Structure formats: structure tokens, C-alpha cells
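Below is input_31.txt, holding compact mmCIF, C-alpha atoms.
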```txt
# COMPACT_ATOMS: atom_id res chain seq x y z
CA MET Q 1 23.53 -100.57 105.64
CA ILE Q 2 24.02 -98.73 108.91
CA GLU Q 3 24.54 -95.02 108.53
CA THR Q 4 27.52 -93.67 110.44
CA ILE Q 5 27.45 -90.54 112.61
CA HIS Q 6 29.56 -88.88 109.95
CA ASP Q 7 27.05 -89.67 107.20
CA THR Q 8 24.03 -88.61 109.27
CA ALA Q 9 25.67 -85.33 110.26
CA VAL Q 10 26.61 -84.59 106.65
CA ARG Q 11 23.05 -85.36 105.52
CA LEU Q 12 21.65 -82.91 108.10
CA ILE Q 13 24.14 -80.16 107.21
CA VAL Q 14 23.18 -80.52 103.54
CA ALA Q 15 19.43 -80.73 104.24
CA MET Q 16 19.48 -77.57 106.34
CA ALA Q 17 21.78 -75.52 104.10
CA PRO Q 18 20.01 -72.37 102.89
CA THR Q 19 21.99 -72.24 99.63
CA ASP Q 20 20.05 -72.55 96.38
CA GLU Q 21 22.79 -74.59 94.82
CA ALA Q 22 22.56 -78.11 96.20
CA PRO Q 23 25.99 -79.03 97.57
CA GLY Q 24 25.47 -82.75 96.74
CA ALA Q 25 25.38 -85.68 99.12
CA ASN Q 26 29.12 -85.67 99.77
CA PRO Q 27 30.24 -82.08 100.30
CA ALA Q 28 33.96 -81.53 100.74
CA ALA Q 29 35.10 -81.24 104.35
CA ASP Q 30 36.53 -77.78 103.69
CA LEU Q 31 33.23 -76.40 102.39
CA ARG Q 32 32.43 -73.31 104.47
CA LEU Q 33 29.08 -73.16 106.21
CA ILE Q 34 28.52 -69.42 105.73
CA ASP Q 35 30.33 -68.57 102.51
CA ASP Q 36 29.58 -71.78 100.58
CA LEU Q 37 26.38 -73.18 102.08
CA GLY Q 38 24.56 -69.92 102.89
CA TYR Q 39 24.24 -70.46 106.63
CA ASP Q 40 23.57 -67.37 108.75
CA SER Q 41 23.58 -67.07 112.53
CA VAL Q 42 19.97 -68.25 112.89
CA ARG Q 43 20.44 -71.26 110.64
CA LEU Q 44 23.69 -72.18 112.40
CA MET Q 45 21.86 -72.11 115.72
CA GLU Q 46 19.13 -74.33 114.25
CA LEU Q 47 21.73 -76.76 112.90
CA THR Q 48 23.30 -76.87 116.37
CA VAL Q 49 19.98 -77.74 118.00
CA VAL Q 50 19.22 -80.41 115.37
CA LEU Q 51 22.63 -82.07 115.83
CA GLU Q 52 22.39 -81.91 119.63
CA ARG Q 53 18.97 -83.56 119.57
CA LYS Q 54 19.84 -86.12 116.92
CA PHE Q 55 22.98 -87.30 118.71
CA GLY Q 56 22.00 -86.59 122.32
CA LEU Q 57 24.81 -84.05 122.70
CA PRO Q 58 25.01 -81.54 125.55
CA ARG Q 59 24.18 -77.91 124.80
CA GLN Q 60 27.10 -76.37 122.90
CA LEU Q 61 28.39 -73.12 124.38
CA PRO Q 62 29.13 -70.18 122.07
CA GLU Q 63 32.87 -70.46 122.79
CA GLN Q 64 32.82 -74.11 121.67
CA LEU Q 65 31.45 -72.98 118.32
CA THR Q 66 33.75 -70.04 117.57
CA GLY Q 67 36.21 -72.17 115.59
CA VAL Q 68 33.52 -74.06 113.68
CA HIS Q 69 33.54 -72.76 110.11
CA THR Q 70 33.47 -75.75 107.77
CA VAL Q 71 31.60 -79.01 107.22
CA GLY Q 72 34.67 -80.82 108.55
CA ASP Q 73 34.67 -78.71 111.74
CA VAL Q 74 31.03 -79.70 112.41
CA ILE Q 75 31.74 -83.38 111.79
CA ALA Q 76 34.72 -83.29 114.16
CA LEU Q 77 32.63 -81.65 116.90
CA VAL Q 78 29.71 -84.07 116.47
CA THR Q 79 31.92 -87.15 116.23
CA ALA Q 80 33.84 -86.22 119.38
CA GLY Q 81 30.63 -85.50 121.30
CA ALA Q 82 28.77 -88.57 120.06
CA SER Q 83 31.64 -90.94 120.83
CA HIS Q 84 31.41 -89.78 124.46
CA ASN Q 85 27.86 -91.09 124.35
CA GLY Q 86 29.08 -94.53 123.24
CA LEU Q 87 28.00 -94.07 119.62
CA LYS Q 88 30.29 -95.28 116.86
CA PRO Q 89 31.61 -92.68 114.45
CA MET D 1 55.03 -36.78 99.39
CA SER D 2 51.64 -35.67 100.71
CA ARG D 3 50.07 -37.53 103.59
CA ASP D 4 46.51 -37.62 102.33
CA ALA D 5 45.92 -41.39 102.51
CA VAL D 6 43.44 -42.77 105.03
CA LEU D 7 44.33 -46.03 106.76
CA VAL D 8 41.13 -48.01 107.33
CA THR D 9 40.75 -51.01 109.63
CA GLY D 10 37.69 -53.20 109.20
CA ALA D 11 37.55 -52.13 105.55
CA THR D 12 35.74 -55.32 104.56
CA GLY D 13 32.99 -54.75 107.16
CA LEU D 14 29.62 -53.17 106.54
CA VAL D 15 30.56 -49.65 107.61
CA GLY D 16 34.23 -49.88 106.64
CA ALA D 17 33.47 -50.79 103.03
CA GLU D 18 31.07 -47.85 102.68
CA VAL D 19 33.71 -45.54 104.14
CA VAL D 20 36.24 -46.82 101.58
CA LYS D 21 33.72 -46.31 98.77
CA ARG D 22 33.21 -42.68 99.78
CA LEU D 23 36.93 -41.98 100.19
CA VAL D 24 37.57 -43.35 96.69
CA ALA D 25 34.82 -41.11 95.32
CA MET D 26 36.51 -38.15 97.05
CA ASN D 27 39.81 -39.15 95.47
CA ARG D 28 41.42 -39.87 98.84
CA PRO D 29 43.92 -42.76 98.72
CA VAL D 30 43.00 -45.63 101.03
CA VAL D 31 45.27 -48.08 102.80
CA ALA D 32 43.08 -50.99 103.91
CA VAL D 33 44.50 -53.19 106.65
CA THR D 34 42.93 -56.53 105.84
CA HIS D 35 43.33 -59.89 107.42
CA ARG D 36 41.47 -62.92 106.15
CA ARG D 37 39.37 -61.64 103.26
CA PRO D 38 41.15 -58.98 101.28
CA ARG D 39 37.98 -58.25 99.29
CA ILE D 40 36.06 -55.06 99.94
CA VAL D 41 32.40 -55.24 98.93
CA ALA D 42 30.24 -52.13 99.22
CA ASN D 43 26.74 -52.36 100.69
CA ASP D 44 25.26 -52.53 97.17
CA GLY D 45 27.21 -55.76 96.59
CA ARG D 46 29.77 -54.25 94.23
CA ALA D 47 33.41 -55.09 94.89
CA ILE D 48 35.87 -52.24 95.31
CA ALA D 49 38.96 -53.45 93.52
CA ALA D 50 42.48 -52.84 94.75
CA SER D 51 44.00 -50.06 92.68
CA ASN D 52 46.47 -47.26 93.00
CA LYS D 53 43.80 -45.56 95.13
CA VAL D 54 42.96 -48.57 97.32
CA ARG D 55 45.98 -50.43 98.58
CA HIS D 56 45.68 -53.53 100.73
CA VAL D 57 48.16 -54.11 103.50
CA ALA D 58 48.07 -57.55 105.10
CA GLY D 59 47.81 -57.10 108.84
CA ASP D 60 46.09 -58.26 111.99
CA VAL D 61 44.53 -55.54 114.15
CA ARG D 62 44.86 -57.81 117.19
CA ILE D 63 48.65 -57.62 117.03
CA VAL D 64 50.77 -54.66 118.12
CA ARG D 65 51.26 -52.27 115.21
CA PHE D 66 48.76 -54.50 113.38
CA GLY D 67 51.62 -56.91 112.76
CA LEU D 68 53.01 -54.63 110.05
CA ASP D 69 56.73 -54.96 109.60
CA GLU D 70 59.11 -52.06 110.12
CA LYS D 71 59.45 -51.34 106.41
CA VAL D 72 55.68 -51.08 105.88
CA SER D 73 55.18 -48.99 109.03
CA THR D 74 57.88 -46.58 107.96
CA ALA D 75 56.38 -46.28 104.49
CA LEU D 76 53.02 -45.43 106.04
CA THR D 77 54.54 -42.47 107.90
CA HIS D 78 55.10 -40.83 104.53
CA THR D 79 51.63 -41.37 103.10
CA VAL D 80 48.98 -41.82 105.81
CA GLY D 81 47.33 -38.69 107.23
CA CYS D 82 44.52 -40.27 109.24
CA ILE D 83 43.41 -43.62 110.67
CA VAL D 84 39.79 -44.79 110.69
CA HIS D 85 39.30 -47.67 113.08
CA CYS D 86 36.17 -49.61 112.08
CA ALA D 87 37.39 -53.14 112.89
CA ALA D 88 35.35 -54.82 115.62
CA THR D 89 33.14 -57.77 116.29
CA THR D 90 29.50 -56.74 116.62
CA ALA D 91 28.43 -60.20 117.81
CA PHE D 92 26.50 -60.07 121.08
CA ASN D 93 27.53 -63.52 122.26
CA ALA D 94 31.26 -63.58 121.65
CA PRO D 95 33.54 -64.93 124.39
CA ASP D 96 35.32 -62.29 126.49
CA ARG D 97 38.62 -63.29 124.91
CA VAL D 98 37.32 -62.23 121.48
CA TYR D 99 36.04 -58.88 122.78
CA ASP D 100 39.37 -58.30 124.55
CA GLU D 101 41.38 -58.98 121.41
CA LEU D 102 39.19 -57.58 118.67
CA ASN D 103 37.37 -54.66 120.26
CA ILE D 104 39.65 -53.53 123.07
CA GLY D 105 43.12 -54.77 122.04
CA ALA D 106 42.71 -53.66 118.43
CA THR D 107 41.74 -50.18 119.59
CA ARG D 108 44.83 -50.07 121.80
CA ASN D 109 46.87 -51.00 118.71
CA ALA D 110 45.12 -48.36 116.58
CA ILE D 111 45.94 -45.72 119.20
CA ALA D 112 49.59 -46.81 119.24
CA LEU D 113 49.77 -46.65 115.46
CA GLY D 114 48.12 -43.22 115.46
CA ARG D 115 50.79 -41.99 117.85
CA ARG D 116 53.61 -43.56 115.88
CA LEU D 117 52.41 -42.05 112.61
CA ASP D 118 51.43 -38.85 114.46
CA VAL D 119 48.03 -38.77 112.75
CA PRO D 120 44.47 -38.36 114.07
CA LEU D 121 42.35 -41.42 114.85
CA VAL D 122 38.67 -41.62 113.92
CA HIS D 123 37.30 -44.34 116.18
CA VAL D 124 34.00 -46.04 115.34
CA SER D 125 32.27 -46.84 118.62
CA THR D 126 28.55 -47.46 119.27
CA ALA D 127 25.77 -45.27 120.61
CA TYR D 128 25.05 -48.08 123.05
CA VAL D 129 28.18 -47.40 125.11
CA CYS D 130 25.57 -45.47 127.09
CA GLY D 131 24.61 -48.84 128.57
CA ARG D 132 21.37 -49.62 130.34
CA ARG D 133 19.52 -46.38 130.92
CA ASP D 134 16.57 -44.35 129.69
CA GLY D 135 16.29 -40.81 128.40
CA THR D 136 18.26 -38.56 126.09
CA VAL D 137 21.94 -39.35 125.64
CA ARG D 138 24.13 -36.41 124.64
CA GLU D 139 27.24 -36.79 122.53
CA SER D 140 29.27 -35.26 125.37
CA GLU D 141 28.18 -37.95 127.85
CA PHE D 142 30.27 -41.03 128.42
CA ASP D 143 31.07 -42.58 131.79
CA ARG D 144 28.11 -42.37 134.15
CA GLY D 145 28.87 -45.58 135.98
CA GLN D 146 26.46 -47.39 133.66
CA SER D 147 25.88 -51.13 133.40
CA PHE D 148 25.72 -52.77 130.00
CA GLY D 149 23.27 -54.85 127.99
CA ASN D 150 25.94 -57.30 126.81
CA GLY D 151 29.67 -57.93 126.48
CA TYR D 152 29.75 -56.11 123.14
CA GLU D 153 28.61 -52.81 124.68
CA ARG D 154 31.02 -53.23 127.59
CA SER D 155 33.95 -53.89 125.25
CA LYS D 156 33.12 -50.87 123.09
CA PHE D 157 32.89 -48.73 126.23
CA HIS D 158 36.36 -49.84 127.31
CA ALA D 159 37.70 -49.21 123.80
CA GLU D 160 36.27 -45.68 123.79
CA GLN D 161 37.74 -45.14 127.25
CA LEU D 162 41.20 -45.97 125.87
CA VAL D 163 40.78 -43.50 123.01
CA ARG D 164 39.61 -40.68 125.28
CA ALA D 165 42.48 -41.27 127.70
CA ALA D 166 45.20 -41.45 125.04
CA ASP D 167 47.63 -38.62 125.75
CA GLY D 168 48.93 -36.83 122.73
CA LEU D 169 46.46 -38.45 120.33
CA ARG D 170 44.05 -36.39 118.26
CA TRP D 171 40.86 -38.41 118.25
CA THR D 172 37.30 -38.27 116.97
CA ILE D 173 34.63 -40.71 118.06
CA ILE D 174 31.69 -41.77 115.90
CA ARG D 175 28.89 -43.62 117.69
CA PRO D 176 26.46 -45.36 115.32
CA GLY D 177 23.10 -46.67 116.45
CA ILE D 178 21.87 -50.08 115.22
CA VAL D 179 23.23 -50.18 111.67
CA THR D 180 20.53 -51.12 109.16
CA GLY D 181 19.79 -50.83 105.42
CA ALA D 182 20.38 -47.93 103.05
CA THR D 183 18.15 -44.87 103.47
CA GLU D 184 16.47 -45.01 100.08
CA THR D 185 16.41 -48.72 99.28
CA GLY D 186 16.71 -50.54 102.59
CA ALA D 187 19.47 -52.64 101.02
CA ILE D 188 21.88 -54.31 103.38
CA ARG D 189 24.79 -56.60 102.56
CA ASP D 190 24.89 -58.55 105.83
CA TYR D 191 21.83 -59.45 107.87
CA LYS D 192 23.07 -59.33 111.45
CA ASN D 193 21.92 -58.38 114.95
CA PHE D 194 18.63 -56.47 114.47
CA TYR D 195 17.89 -58.56 111.40
CA THR D 196 18.47 -61.80 113.27
CA VAL D 197 15.94 -61.09 115.98
CA LEU D 198 13.56 -59.56 113.43
CA LYS D 199 13.62 -62.78 111.43
CA LEU D 200 12.91 -64.91 114.48
CA ILE D 201 9.98 -62.67 115.40
CA VAL D 202 8.36 -62.52 111.96
CA GLU D 203 8.77 -66.28 111.46
CA GLY D 204 6.99 -66.87 114.77
CA LYS D 205 10.04 -68.47 116.37
CA LEU D 206 10.10 -65.89 119.16
CA ARG D 207 6.49 -65.25 120.12
CA THR D 208 6.84 -63.90 123.64
CA LEU D 209 9.69 -61.68 124.74
CA PRO D 210 10.42 -59.67 127.85
CA GLY D 211 10.20 -55.97 127.06
CA ARG D 212 8.05 -52.88 127.05
CA TYR D 213 6.32 -51.29 124.11
CA GLU D 214 7.69 -47.83 125.00
CA ALA D 215 11.26 -49.08 124.55
CA THR D 216 13.02 -47.63 121.52
CA LEU D 217 15.46 -48.87 118.90
CA SER D 218 17.85 -46.40 117.33
CA LEU D 219 18.09 -47.72 113.79
CA VAL D 220 20.47 -45.93 111.44
CA PRO D 221 21.02 -46.39 107.70
CA VAL D 222 24.51 -47.66 106.89
CA ASP D 223 24.99 -44.88 104.33
CA HIS D 224 24.39 -42.24 106.99
CA VAL D 225 26.97 -43.82 109.31
CA ALA D 226 29.56 -43.80 106.53
CA ASP D 227 28.65 -40.19 105.68
CA VAL D 228 29.32 -39.11 109.28
CA VAL D 229 32.66 -40.96 109.37
CA VAL D 230 33.78 -39.42 106.09
CA ALA D 231 32.61 -35.93 107.12
CA ALA D 232 34.74 -36.28 110.25
CA ILE D 233 37.75 -37.19 108.09
CA ALA D 234 37.09 -34.26 105.76
CA HIS D 235 36.85 -31.85 108.71
CA ILE D 236 39.36 -33.58 110.91
CA ASP D 237 40.62 -30.41 112.61
CA SER D 238 37.20 -29.22 113.77
CA ALA D 239 36.14 -32.81 114.60
CA ALA D 240 39.14 -33.43 116.87
CA GLY D 241 38.27 -34.18 120.47
CA ARG D 242 34.57 -34.44 119.63
CA THR D 243 32.00 -37.24 119.60
CA PHE D 244 29.28 -37.67 117.00
CA HIS D 245 26.16 -39.79 117.27
CA ALA D 246 25.54 -41.41 113.88
CA VAL D 247 21.81 -41.95 114.31
CA GLY D 248 18.56 -41.11 112.58
CA VAL D 249 16.20 -38.31 113.48
CA GLU D 250 14.09 -40.54 115.71
CA ALA D 251 14.28 -43.80 117.60
CA ILE D 252 11.41 -46.19 116.83
CA SER D 253 9.35 -47.65 119.65
CA LEU D 254 8.53 -51.33 119.95
CA ARG D 255 4.89 -50.29 119.69
CA ALA D 256 5.60 -48.74 116.27
CA VAL D 257 7.69 -51.76 115.21
CA SER D 258 4.85 -54.11 116.17
CA ASP D 259 2.28 -51.96 114.34
CA VAL D 260 4.36 -52.00 111.15
CA LEU D 261 4.98 -55.77 111.35
CA ALA D 262 1.23 -56.29 111.69
CA GLU D 263 0.73 -54.61 108.30
CA TYR D 264 2.44 -57.58 106.63
CA PRO D 265 0.05 -60.53 106.34
CA SER D 266 2.80 -63.16 106.29
CA PHE D 267 4.55 -61.85 109.41
CA GLU D 268 4.03 -62.99 112.98
CA VAL D 269 4.24 -60.31 115.68
CA ALA D 270 5.78 -61.06 119.08
CA THR D 271 4.10 -60.09 122.32
CA PHE D 272 6.25 -58.13 124.76
CA VAL D 273 5.56 -58.84 128.42
CA PRO D 274 7.04 -57.29 131.59
CA HIS D 275 10.32 -58.86 132.73
CA ALA D 276 8.75 -59.83 136.03
CA SER D 277 6.15 -62.01 134.32
CA PHE D 278 8.49 -63.62 131.79
CA SER D 279 10.15 -66.97 132.36
CA PRO D 280 12.00 -68.91 129.63
CA ASP D 281 10.85 -72.11 131.37
CA GLU D 282 7.31 -71.37 130.25
CA LEU D 283 8.27 -71.33 126.57
CA ASP D 284 7.80 -74.51 124.58
CA GLY D 285 10.92 -76.59 123.81
CA VAL D 286 12.06 -75.11 120.52
CA GLU D 287 11.04 -71.52 121.31
CA ARG D 288 13.02 -71.81 124.54
CA GLU D 289 16.09 -72.75 122.48
CA TYR D 290 15.61 -69.70 120.25
CA TYR D 291 15.18 -67.49 123.27
CA LEU D 292 18.12 -68.80 125.30
CA ARG D 293 20.55 -68.99 122.37
CA ILE D 294 19.61 -65.81 120.49
CA GLY D 295 16.64 -63.84 121.85
CA ALA D 296 18.13 -63.35 125.32
CA GLN D 297 21.05 -61.43 123.82
CA TYR D 298 18.66 -58.73 122.63
CA THR D 299 16.31 -58.25 125.55
CA SER D 300 18.12 -55.20 126.95
CA TYR D 301 17.24 -53.43 123.68
CA PHE D 302 13.56 -54.16 124.34
CA ASP D 303 13.79 -52.46 127.71
CA ARG D 304 15.56 -49.14 127.13
CA ARG D 305 13.72 -45.99 126.21
CA LEU D 306 16.55 -44.04 124.66
CA THR D 307 16.98 -41.06 122.40
CA PHE D 308 20.39 -40.08 121.09
CA ASP D 309 20.96 -36.38 120.64
CA ALA D 310 23.01 -35.74 117.49
CA THR D 311 23.58 -31.98 117.57
CA ASN D 312 27.29 -32.35 116.73
CA ALA D 313 26.57 -34.69 113.80
CA VAL D 314 23.98 -32.34 112.30
CA GLU D 315 26.47 -29.48 112.54
CA LEU D 316 29.24 -31.60 111.01
CA LEU D 317 27.11 -32.75 108.07
CA GLY D 318 25.26 -29.49 107.58
CA ARG D 319 22.02 -31.33 106.84
CA PRO D 320 19.18 -32.97 108.76
CA LEU D 321 19.36 -36.55 109.98
CA PRO D 322 17.66 -39.32 107.96
CA ALA D 323 14.12 -40.34 108.89
CA THR D 324 14.21 -43.58 110.86
CA GLY D 325 10.61 -44.08 111.91
CA LYS D 326 7.83 -46.28 110.57
CA ASP D 327 8.34 -45.43 106.90
CA TYR D 328 12.02 -46.34 107.12
CA LEU D 329 11.16 -49.64 108.81
CA ARG D 330 8.75 -50.42 105.96
CA ILE D 331 11.59 -49.78 103.47
CA LEU D 332 13.81 -52.19 105.41
CA LEU D 333 11.13 -54.88 105.57
CA ASP D 334 10.23 -54.53 101.89
CA HIS D 335 13.89 -55.02 101.01
CA CYS D 336 14.10 -58.09 103.25
CA LEU D 337 11.11 -59.58 101.41
CA ASP D 338 12.47 -58.69 97.95
CA ALA D 339 15.86 -60.17 98.81
CA GLY D 340 14.29 -63.35 100.22
CA TYR D 341 15.71 -62.82 103.73
CA LEU D 342 12.18 -62.76 105.10
CA GLY D 343 9.05 -64.44 103.82
CA SER D 344 10.58 -67.69 102.60
CA PRO D 345 11.18 -69.73 105.74
CA LEU D 346 13.35 -72.82 105.59
CA PRO D 347 12.28 -76.19 107.06
CA THR D 348 12.01 -75.86 110.84
CA ILE D 349 13.98 -77.76 113.48
CA ASP D 350 11.00 -80.03 114.13
CA GLU D 351 10.41 -80.63 110.43
CA ILE D 352 14.06 -81.56 109.87
CA LEU D 353 14.12 -83.93 112.83
CA ALA D 354 10.84 -85.55 111.75
CA VAL D 355 12.18 -86.32 108.27
CA HIS D 356 15.76 -87.19 109.17
```
Represent the structure from my file as C-alpha cells, please.
Amino acid sequence: MIETIHDTAVRLIVAMAPTDEAPGANPAADLRLIDDLGYDSVRLMELTVVLERKFGLPRQLPEQLTGVHTVGDVIALVTAGASHNGLKP
Amino acid sequence: MSRDAVLVTGATGLVGAEVVKRLVAMNRPVVAVTHRRPRIVANDGRAIAASNKVRHVAGDVRIVRFGLDEKVSTALTHTVGCIVHCAATTAFNAPDRVYDELNIGATRNAIALGRRLDVPLVHVSTAYVCGRRDGTVRESEFDRGQSFGNGYERSKFHAEQLVRAADGLRWTIIRPGIVTGATETGAIRDYKNFYTVLKLIVEGKLRTLPGRYEATLSLVPVDHVADVVVAAIAHIDSAAGRTFHAVGVEAISLRAVSDVLAEYPSFEVATFVPHASFSPDELDGVEREYYLRIGAQYTSYFDRRLTFDATNAVELLGRPLPATGKDYLRILLDHCLDAGYLGSPLPTIDEILAVH
């Protein structure tokens, strides 16, 4: 089975989450990165670099990331960027 | 009805929550203007519940009159005797729009509310409005045509400028240094700014940085900052028109920081090199990312040799300033280890990409 961009991105968000409580393989889209998954500014930056490298995305500017608070926000950003690269969501 | 309530903006923030805690202990009623998270948690992690002493008012500091309707504003004129404006973003990489709205615009709105209620405004600024310079900064100094280390400093300078220029407003300005853990325990609720770069250094993610070992960091315990704010409220008449540096007794040099970090076997210690011989292009791939995305925001703090004079604050508090040298840094680091913030690194970028 071919993993979609959505599934890969979710897997990376979960794998990198600092929280002690495993969020499970299918976290809800409205799960908050900081409050629910324990991300801090360093870990968010690391997640950004991992997603950029994994999907060949351009460097995200801080202003592009100001509205990114939830798992769903990350997926939307990655999916939009990756589809520009001809990848299928 | 007596007007002894204190209206606090940024009451859910690190400093704001500690201010609220102290006001409650002093039996002063608090009106907390809160936006998204109407939950006030003190630095020790304990929530301060809404009560007849702590009333939440839903508002947005970015909007004129904080978006409070006429009825609420009018009610405040009967109860509020002072405004403490703590709300701000302390992020170093925020877009200008965010600084304009949250640091400058919100201060403009706090001034307007202070005038409308005809009450004094205690404005929480930053010691680093002094900008990029060396030497001793006095509390009386402000605009020396300075340049700034980042957009945060610039925005706080402009906010302070608005307060100082506000005709007919009784104001007091509190300028904290780099806000860090509690004096005795090192405890801190939110690991931001100093803690971010500290983590990257001790985890070996930033190994080489532009800076000089003589540069100094003015760390200040969060409890001391709140003490200065509350002392200003308690002595609002004598504090009017004055500025107070909320800082420790000494600024710590990068040399001393490096020496203390080296005492911890699990910590890496960064090397500081002159700006002229530093180039991000010479860093390896991942370290360059850490530098460009985070480290670069802090380099002006590794370059300034600053001491903040706090004569006014000592007089206001009637006691000496807290020690903020090597022993205090050890307390902060020990807390970070106990709390798991340092010393338990997560899988690295390369490790994640190799597995996934």
C-alpha cells in the first residue's frame, strides 16, 4: 500500500512529538501541537526541517508558520506545498 | 465603591500570572483581561481560580478599549484604580504585523484605557530597549538613537515611547532583563528565549556562535520581576513618572556561562568566535538550520557587554537585588535537568529522517 503525504506527515508529527502520552497513529486534526503534543519552539523548528526535507518543500518563513497550531494545520501546509512539487496528497 | 482593583493585561503570561498571585495575596481585587486562555497559572504550576478577587473580563488588547463594551468599560471606572500592562509577545522572530498589533498597538490601547478610567498605567517594558550598546544603562536613559538586536526590542522601544509621550497619563515603567526561573528553586513554567538557545547549546546543536566571552546576559528571576511590578503598584504615587530596571545584582558573562556549563558532564559547550570570522555557510547542514532559524535571533545578546543600573528599583523595594551570577545559573540548570527540559534529548532530525 502506498502511503499518502497525509499519512507520512501524520507519522512524522507523532514520531517527533515530545509528549509522554503517545497520541496514537491517527491523532485528531484539531490536536494542538504545543498544548496536546508537547511541542516547544525548538521541536517545532525540527519538525519543520524534517517535513521540508521529506517532501522537498521550500524553507518555510516564520510568517507562514504563525497560524500553524494543530495537526490539521501542519497537514494542510505540507499537502499544499507537496502538491506544488507534483506529489499526490 | 472604592477603586482598589488592578486591571492586568497579559495575566496568563509568565510575569502577569505572578503579578496576579501577589495582588491576590495582598487582598487587591484583580480584573484580568484575557483573550484565548482564561486560565491563570502561577510559575509554580498552580492555577489561580477566578473568584470574587480575580475577575476575568473577555477582551482583546489589540482592539481599541480592549474590545470591552460600553457597559463593561463604565463598570470598570467604578472599581479599577490602576492598570498593569504585561501583555506582549516576547518572540524574537515574529512578523512586524504581530509586533505592531501586540506590542505597540496594545500599549496604545492600554494608554487610552488609562486615560478613560483616569488611572495610572504600570507598563512592563524590557531592559533591552537600550538596544545595541555596551556599558552601564541607567533607568533614566531611553532614546539615544540606538539600533536594536531584533524586532522585539524595537517594538518594545516604540511602546515605551508611546507611554512616555502620553499627555495626562500617570505612568510607571518596569524594564525586566531576561526573565528566568525563580530565585530559590530555578523553577520556570515556560521555557522560552534564553532557555531555547541554552537547550540548543547544551545538546550540541549550536556548537559555534558569533559572540565574545566578555558579553553579558542580564538574567532575572521571574519572582523578582513580579515583586518590582507589585511594589510599583503599592507605591504608585512615588513610582509615577519613574522607570525601574527589574534585574539581578549582576549580569553574567558568556565566559562564566561557559564555565558553568562545562561543570555538567552531559552538556556540550558552544565556542564563541568573533563576528568577522563567523559564517553560517561553514556550519554543517543541520547546524546551519539551527543557526539560521533560531540561533541568529540571539546573536546580538552574545555581543553586548551591558550592565543595568537598578538604583530606583532597590529604593522602591527597600532590599538588595537577587544574586544572578554563576550560583543562580547552576540553580536554573539543575531545575532544567530535574524537570527533564535538559538532559533527555529527543531523536534528532537526522535520526528521524533515517528511520522514517
Practice problem: Give me, please, the distance in Å between atom CA of D:Asn93 and atom CA of D:Leu209, quoted to one decimal. | Solution: 18.1 Å
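Across the structure, atom CA of D:Lys53 and atom CA of D:Ile111 are spaced 24.2 Å apart.
Reported to one decimal place, the separation of atom CA of D:Val80 from atom CA of D:Gly114 is 9.8 Å.
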Determine which residues of chain Q sit within 12 Å of chain D, taking into account only C-alpha atoms, and present them as an mmCIF file with C-alpha atoms, in the coordinates of the input.
```cif
data_model
loop_
_atom_site.group_PDB
_atom_site.id
_atom_site.type_symbol
_atom_site.label_atom_id
_atom_site.label_comp_id
_atom_site.auth_asym_id
_atom_site.auth_seq_id
_atom_site.Cartn_x
_atom_site.Cartn_y
_atom_site.Cartn_z
ATOM 1 C CA GLU Q 3 24.540 -95.020 108.530
ATOM 2 C CA ASP Q 7 27.050 -89.670 107.200
ATOM 3 C CA THR Q 8 24.030 -88.610 109.270
ATOM 4 C CA ALA Q 9 25.670 -85.330 110.260
ATOM 5 C CA VAL Q 10 26.610 -84.590 106.650
ATOM 6 C CA ARG Q 11 23.050 -85.360 105.520
ATOM 7 C CA LEU Q 12 21.650 -82.910 108.100
ATOM 8 C CA ILE Q 13 24.140 -80.160 107.210
ATOM 9 C CA VAL Q 14 23.180 -80.520 103.540
ATOM 10 C CA ALA Q 15 19.430 -80.730 104.240
ATOM 11 C CA MET Q 16 19.480 -77.570 106.340
ATOM 12 C CA ALA Q 17 21.780 -75.520 104.100
ATOM 13 C CA PRO Q 18 20.010 -72.370 102.890
ATOM 14 C CA THR Q 19 21.990 -72.240 99.630
ATOM 15 C CA ASP Q 20 20.050 -72.550 96.380
ATOM 16 C CA ILE Q 34 28.520 -69.420 105.730
ATOM 17 C CA ASP Q 35 30.330 -68.570 102.510
ATOM 18 C CA GLY Q 38 24.560 -69.920 102.890
ATOM 19 C CA TYR Q 39 24.240 -70.460 106.630
ATOM 20 C CA ASP Q 40 23.570 -67.370 108.750
ATOM 21 C CA SER Q 41 23.580 -67.070 112.530
ATOM 22 C CA VAL Q 42 19.970 -68.250 112.890
ATOM 23 C CA ARG Q 43 20.440 -71.260 110.640
ATOM 24 C CA LEU Q 44 23.690 -72.180 112.400
ATOM 25 C CA MET Q 45 21.860 -72.110 115.720
ATOM 26 C CA GLU Q 46 19.130 -74.330 114.250
ATOM 27 C CA LEU Q 47 21.730 -76.760 112.900
ATOM 28 C CA THR Q 48 23.300 -76.870 116.370
ATOM 29 C CA VAL Q 49 19.980 -77.740 118.000
ATOM 30 C CA VAL Q 50 19.220 -80.410 115.370
ATOM 31 C CA LEU Q 51 22.630 -82.070 115.830
ATOM 32 C CA GLU Q 52 22.390 -81.910 119.630
ATOM 33 C CA ARG Q 53 18.970 -83.560 119.570
ATOM 34 C CA LYS Q 54 19.840 -86.120 116.920
ATOM 35 C CA PHE Q 55 22.980 -87.300 118.710
ATOM 36 C CA ARG Q 59 24.180 -77.910 124.800
ATOM 37 C CA GLN Q 60 27.100 -76.370 122.900
ATOM 38 C CA LEU Q 61 28.390 -73.120 124.380
ATOM 39 C CA PRO Q 62 29.130 -70.180 122.070
ATOM 40 C CA GLU Q 63 32.870 -70.460 122.790
ATOM 41 C CA GLN Q 64 32.820 -74.110 121.670
ATOM 42 C CA LEU Q 65 31.450 -72.980 118.320
ATOM 43 C CA THR Q 66 33.750 -70.040 117.570
ATOM 44 C CA GLY Q 67 36.210 -72.170 115.590
#
```
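With all atoms listed in the file as the atoms that count, the residue of Q:Leu57, Q:Val78, Q:Ile5, Q:Val68 with the shortest distance to Q:Asp30 is Q:Val68.
Taking all atoms listed in the file, the non-local environment of stretch 44-46 of chain D within 8 Å (same-chain residues fewer than 3 positions away omitted) comprises Val41, Ala187, Ile188 and Arg189 of chain D.
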Exercise. Determine the nearest neighbour of Q:Asp36 from the options Q:His69, Q:Gly56, Q:His6, Q:Leu77, counting all atoms listed in the file.
Key: Q:His69
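Within the 9 Å cut-off around D:Thr136, using only C-alpha atoms and omitting residues fewer than 3 positions from it on the same chain, the listed residues are D:Arg305, D:Leu306, D:Thr307, D:Phe308, D:Asp309.
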